Amino acid sequence: MDLTQLRASLARGEKAALAAALAGIERDPDSTATAGLLDAAYSDPIARVIGLTGPPGVGKSTLTGALISSFRQADKTVGCIAVDPSSRRSGGALLGDRTRLATDPEDAGCFVRSMAARDRLGGLAGLTVAAMVLMRAVYDIVLIETVGVGQSETDIAGTADTIVFCVQPGSGDSLQFMKAGIVEIPDIVVVTKSDLGSAAQRARADVKGALSLAEAARGDWIIPVLSLSVQQRQGVADLIEALDQHAVWLTATGRLATQRHAQAETWLTESVRERFGREGIRRAGPLALPPGAPPFGQLRAVSQRLL
């Protein structure tokens with residue numbers, strides 16, 4: 001199935017076509033057909049990609065469900081990737097985030113895929129980038145909810161356009177947020193469960209203080225720190241407004257194209273390193289991509305050369 005056929009199938013409400021495409025990518029990631037499909041999807045993006053990260057129990061799944069509902073009410077199609085902790089025995093998804101999201105399985109404009117993180121420590125599954133690129137070419141919005149493993153959860157910075165970091169009041173999350181590597185991740189910060197009152201206000205103040213101490217590498221983008229309570233239906237509209245503003249800023253400054261290109265180059269390098277180690281990186285030589293060039297066919301070519 002090519003990208004045109006996939007888009008036509010989804011337009012008819014046939015979500016099974018995307019499930020089959022993702023299964024094919026997972027089953028045979030190095031085939032010519034897979035590389036062709038992903039390169040075509042990479043070259044013709046539609047969606048903006050929003051990553052939600054933060055410690056376990058902060059309410060990422062609840063917030064993801066609220067965002068899906070809000071975007072669908074605005075008549076935007078949504079693809080969602082929910083990355084779960086893995087079972088040590090089977091390697092499968094341990095929590096099954098898809099079952100915790102209040103979505104309508106009959107809704108043709110929404111597709112949720114759970115993935116097991118397996119041995120990845122960066123908060124994402126190995127298939128996440130490929131799935132994101134494919135969903136980005138067929139939906140209006142792509143949401144990625146990371147596994148929530150803590151301080152090592154930084155892969156999302158190399159995948160999403162806009163990163164939302166979630167902090168829970170009274171849990172010490174705001175102190176963890178201050179650590180280098182975490183404070184550099186977000187474009188937007190949300191303090192969840194704001195109905196907790198003074199604890200939520202204190203967490204928001206702590207995070208704003210940490211951001212003021214961090215070196216801002218985002219030009220004139222000032223990272224908003226928002227309070228929300230999904231249960232009380234407060235703050236979700238403010239978050240969507242901030243997401244919209246960041247999307248406009250990325251496009252207006254030219255950072256969207258630059259950021260996506262840098263992410264593709266990083267993915268290519270890391271994929272070669274994962275398959276062939278440091279010696280493979282040395283043998284492969286320069287792995288830079290021309291501006292706008294897709295990385296999947298390039299990875300296949302490099303892999304064939306190194307085998």
# chains A, B, ... in the order shown; residues from 1 in each chain; ligands from 1

$ residues_around --residues "stretch 134-148 of chain A" --least-positions-apart "5" --cutoff "7 Å" --atoms "only C-alpha atoms" --output "PyMOL selection string"
chain A and resi 7+38+41+44-56+60+76-85+123-124+153

$ write_last_selection --atoms "C-alpha atoms" --output "mmCIF file, in the first residue's frame"
data_model
loop_
_atom_site.group_PDB
_atom_site.id
_atom_site.type_symbol
_atom_site.label_atom_id
_atom_site.label_comp_id
_atom_site.auth_asym_id
_atom_site.auth_seq_id
_atom_site.Cartn_x
_atom_site.Cartn_y
_atom_site.Cartn_z
ATOM 1 C CA ARG A 7 -4.999 8.344 2.609
ATOM 2 C CA LEU A 38 7.982 6.228 4.961
ATOM 3 C CA ALA A 41 5.171 10.230 4.179
ATOM 4 C CA ASP A 44 4.489 15.240 2.514
ATOM 5 C CA PRO A 45 3.623 16.034 6.153
ATOM 6 C CA ILE A 46 0.249 17.351 7.253
ATOM 7 C CA ALA A 47 0.105 17.172 11.040
ATOM 8 C CA ARG A 48 1.891 18.984 13.782
ATOM 9 C CA VAL A 49 3.375 16.618 16.330
ATOM 10 C CA ILE A 50 2.804 17.205 20.043
ATOM 11 C CA GLY A 51 4.731 15.235 22.648
ATOM 12 C CA LEU A 52 3.521 14.836 26.233
ATOM 13 C CA THR A 53 6.116 13.822 28.780
ATOM 14 C CA GLY A 54 6.639 13.825 32.519
ATOM 15 C CA PRO A 55 6.952 11.448 35.467
ATOM 16 C CA PRO A 56 4.624 8.459 35.962
ATOM 17 C CA LYS A 60 -0.447 12.283 30.944
ATOM 18 C CA LYS A 76 -9.349 17.875 13.476
ATOM 19 C CA THR A 77 -8.274 14.292 12.858
ATOM 20 C CA VAL A 78 -5.931 12.860 15.479
ATOM 21 C CA GLY A 79 -3.374 10.081 15.566
ATOM 22 C CA CYS A 80 -2.068 9.105 18.993
ATOM 23 C CA ILE A 81 0.958 7.017 19.982
ATOM 24 C CA ALA A 82 0.909 5.903 23.627
ATOM 25 C CA VAL A 83 4.200 4.358 24.747
ATOM 26 C CA ASP A 84 3.932 2.004 27.711
ATOM 27 C CA PRO A 85 6.341 0.282 30.089
ATOM 28 C CA GLY A 123 10.790 7.179 26.934
ATOM 29 C CA LEU A 124 9.869 6.073 23.401
ATOM 30 C CA GLU A 153 13.024 10.464 29.101
#

$ residues_around --residues "A:Trp249" --least-positions-apart "2" --cutoff "12 Å" --atoms "only C-alpha atoms" --output "short mmCIF file (atom, residue, chain, number, x, y, z; two decimals) with N, CA and C atoms, in the first residue's frame"
data_model
loop_
_atom_site.label_atom_id
_atom_site.label_comp_id
_atom_site.auth_asym_id
_atom_site.auth_seq_id
_atom_site.Cartn_x
_atom_site.Cartn_y
_atom_site.Cartn_z
N ASP A 161 7.29 18.20 17.45
CA ASP A 161 7.45 19.62 17.12
C ASP A 161 7.33 20.47 18.38
N THR A 162 6.35 20.13 19.20
CA THR A 162 6.08 20.86 20.45
C THR A 162 6.05 19.87 21.59
N ASP A 187 8.61 22.91 25.57
CA ASP A 187 8.20 24.17 24.95
C ASP A 187 7.05 24.79 25.74
N ARG A 218 15.69 28.96 22.71
CA ARG A 218 14.50 29.00 21.88
C ARG A 218 14.24 30.39 21.31
N GLY A 219 15.28 31.20 21.19
CA GLY A 219 15.08 32.52 20.62
C GLY A 219 14.12 33.34 21.46
N ASP A 220 13.09 33.87 20.84
CA ASP A 220 12.16 34.74 21.56
C ASP A 220 10.93 33.99 22.06
N TRP A 221 10.96 32.65 22.04
CA TRP A 221 9.83 31.90 22.59
C TRP A 221 9.96 31.83 24.10
N ILE A 222 8.97 32.38 24.80
CA ILE A 222 8.92 32.33 26.26
C ILE A 222 8.05 31.14 26.67
N ILE A 223 8.63 30.21 27.39
CA ILE A 223 7.93 28.97 27.73
C ILE A 223 6.80 29.27 28.71
N ALA A 242 -1.92 27.77 23.69
CA ALA A 242 -0.46 27.82 23.73
C ALA A 242 0.15 26.92 22.66
N LEU A 243 -0.45 25.76 22.43
CA LEU A 243 0.02 24.86 21.37
C LEU A 243 -0.10 25.53 20.00
N ASP A 244 -1.23 26.20 19.78
CA ASP A 244 -1.44 26.90 18.51
C ASP A 244 -0.41 28.02 18.34
N GLN A 245 -0.14 28.75 19.39
CA GLN A 245 0.83 29.85 19.33
C GLN A 245 2.23 29.32 19.03
N HIS A 246 2.58 28.20 19.64
CA HIS A 246 3.91 27.65 19.39
C HIS A 246 4.03 27.14 17.96
N ALA A 247 2.97 26.57 17.43
CA ALA A 247 2.99 26.12 16.04
C ALA A 247 3.19 27.29 15.08
N THR A 251 6.64 28.01 12.62
CA THR A 251 6.56 28.24 11.18
C THR A 251 7.11 29.62 10.81
N ALA A 252 6.72 30.63 11.59
CA ALA A 252 7.13 32.00 11.27
C ALA A 252 8.63 32.20 11.37
N THR A 253 9.27 31.50 12.28
CA THR A 253 10.72 31.65 12.47
C THR A 253 11.53 30.70 11.60
N GLY A 254 10.86 29.80 10.89
CA GLY A 254 11.57 28.82 10.07
C GLY A 254 12.13 27.67 10.87
N ARG A 255 11.81 27.62 12.15
CA ARG A 255 12.38 26.57 13.00
C ARG A 255 11.75 25.20 12.76
N LEU A 256 10.53 25.17 12.27
CA LEU A 256 9.88 23.88 12.08
C LEU A 256 10.66 23.01 11.10
#

$ atom_distance --atom1 "atom CA of A:Ile156" --atom2 "atom CA of A:Gly13"
29.3 Å

$ closest_residue --among "A:Ile25, A:Gly59, A:Asp107, A:Leu37" --to "A:Gln5" --atoms "only C-alpha atoms"
A:Leu37

$ residues_around --residues "A:Pro29" --least-positions-apart "5" --cutoff "10 Å" --atoms "only C-alpha atoms" --output "PyMOL selection string"
chain A and resi 22-24+34-35+38+127+130+296+300

$ write_last_selection --atoms "C-alpha atoms" --output "PDB file, in the first residue's frame"
ATOM      1  CA  LEU A  22       2.060  -0.027  10.924  1.00  0.00           C
ATOM      2  CA  ALA A  23       2.112  -3.804  11.309  1.00  0.00           C
ATOM      3  CA  GLY A  24       3.949  -4.065   7.994  1.00  0.00           C
ATOM      4  CA  THR A  34       8.598   0.202   3.911  1.00  0.00           C
ATOM      5  CA  ALA A  35      11.356   2.672   3.031  1.00  0.00           C
ATOM      6  CA  LEU A  38       7.982   6.228   4.961  1.00  0.00           C
ATOM      7  CA  LEU A 127       8.893   2.087  16.183  1.00  0.00           C
ATOM      8  CA  ALA A 130       8.311   5.544  11.861  1.00  0.00           C
ATOM      9  CA  PHE A 296      14.462   5.992   5.626  1.00  0.00           C
ATOM     10  CA  ARG A 300      18.394   1.191   3.988  1.00  0.00           C
TER      11      ARG A 300
END

$ residues_around --residues "A:Leu239" --least-positions-apart "4" --cutoff "12 Å" --atoms "only C-alpha atoms" --output "PyMOL selection string"
chain A and resi 50+52+63-64+66-67+70-71+162-166+187-192+223-230+233-235+243-246
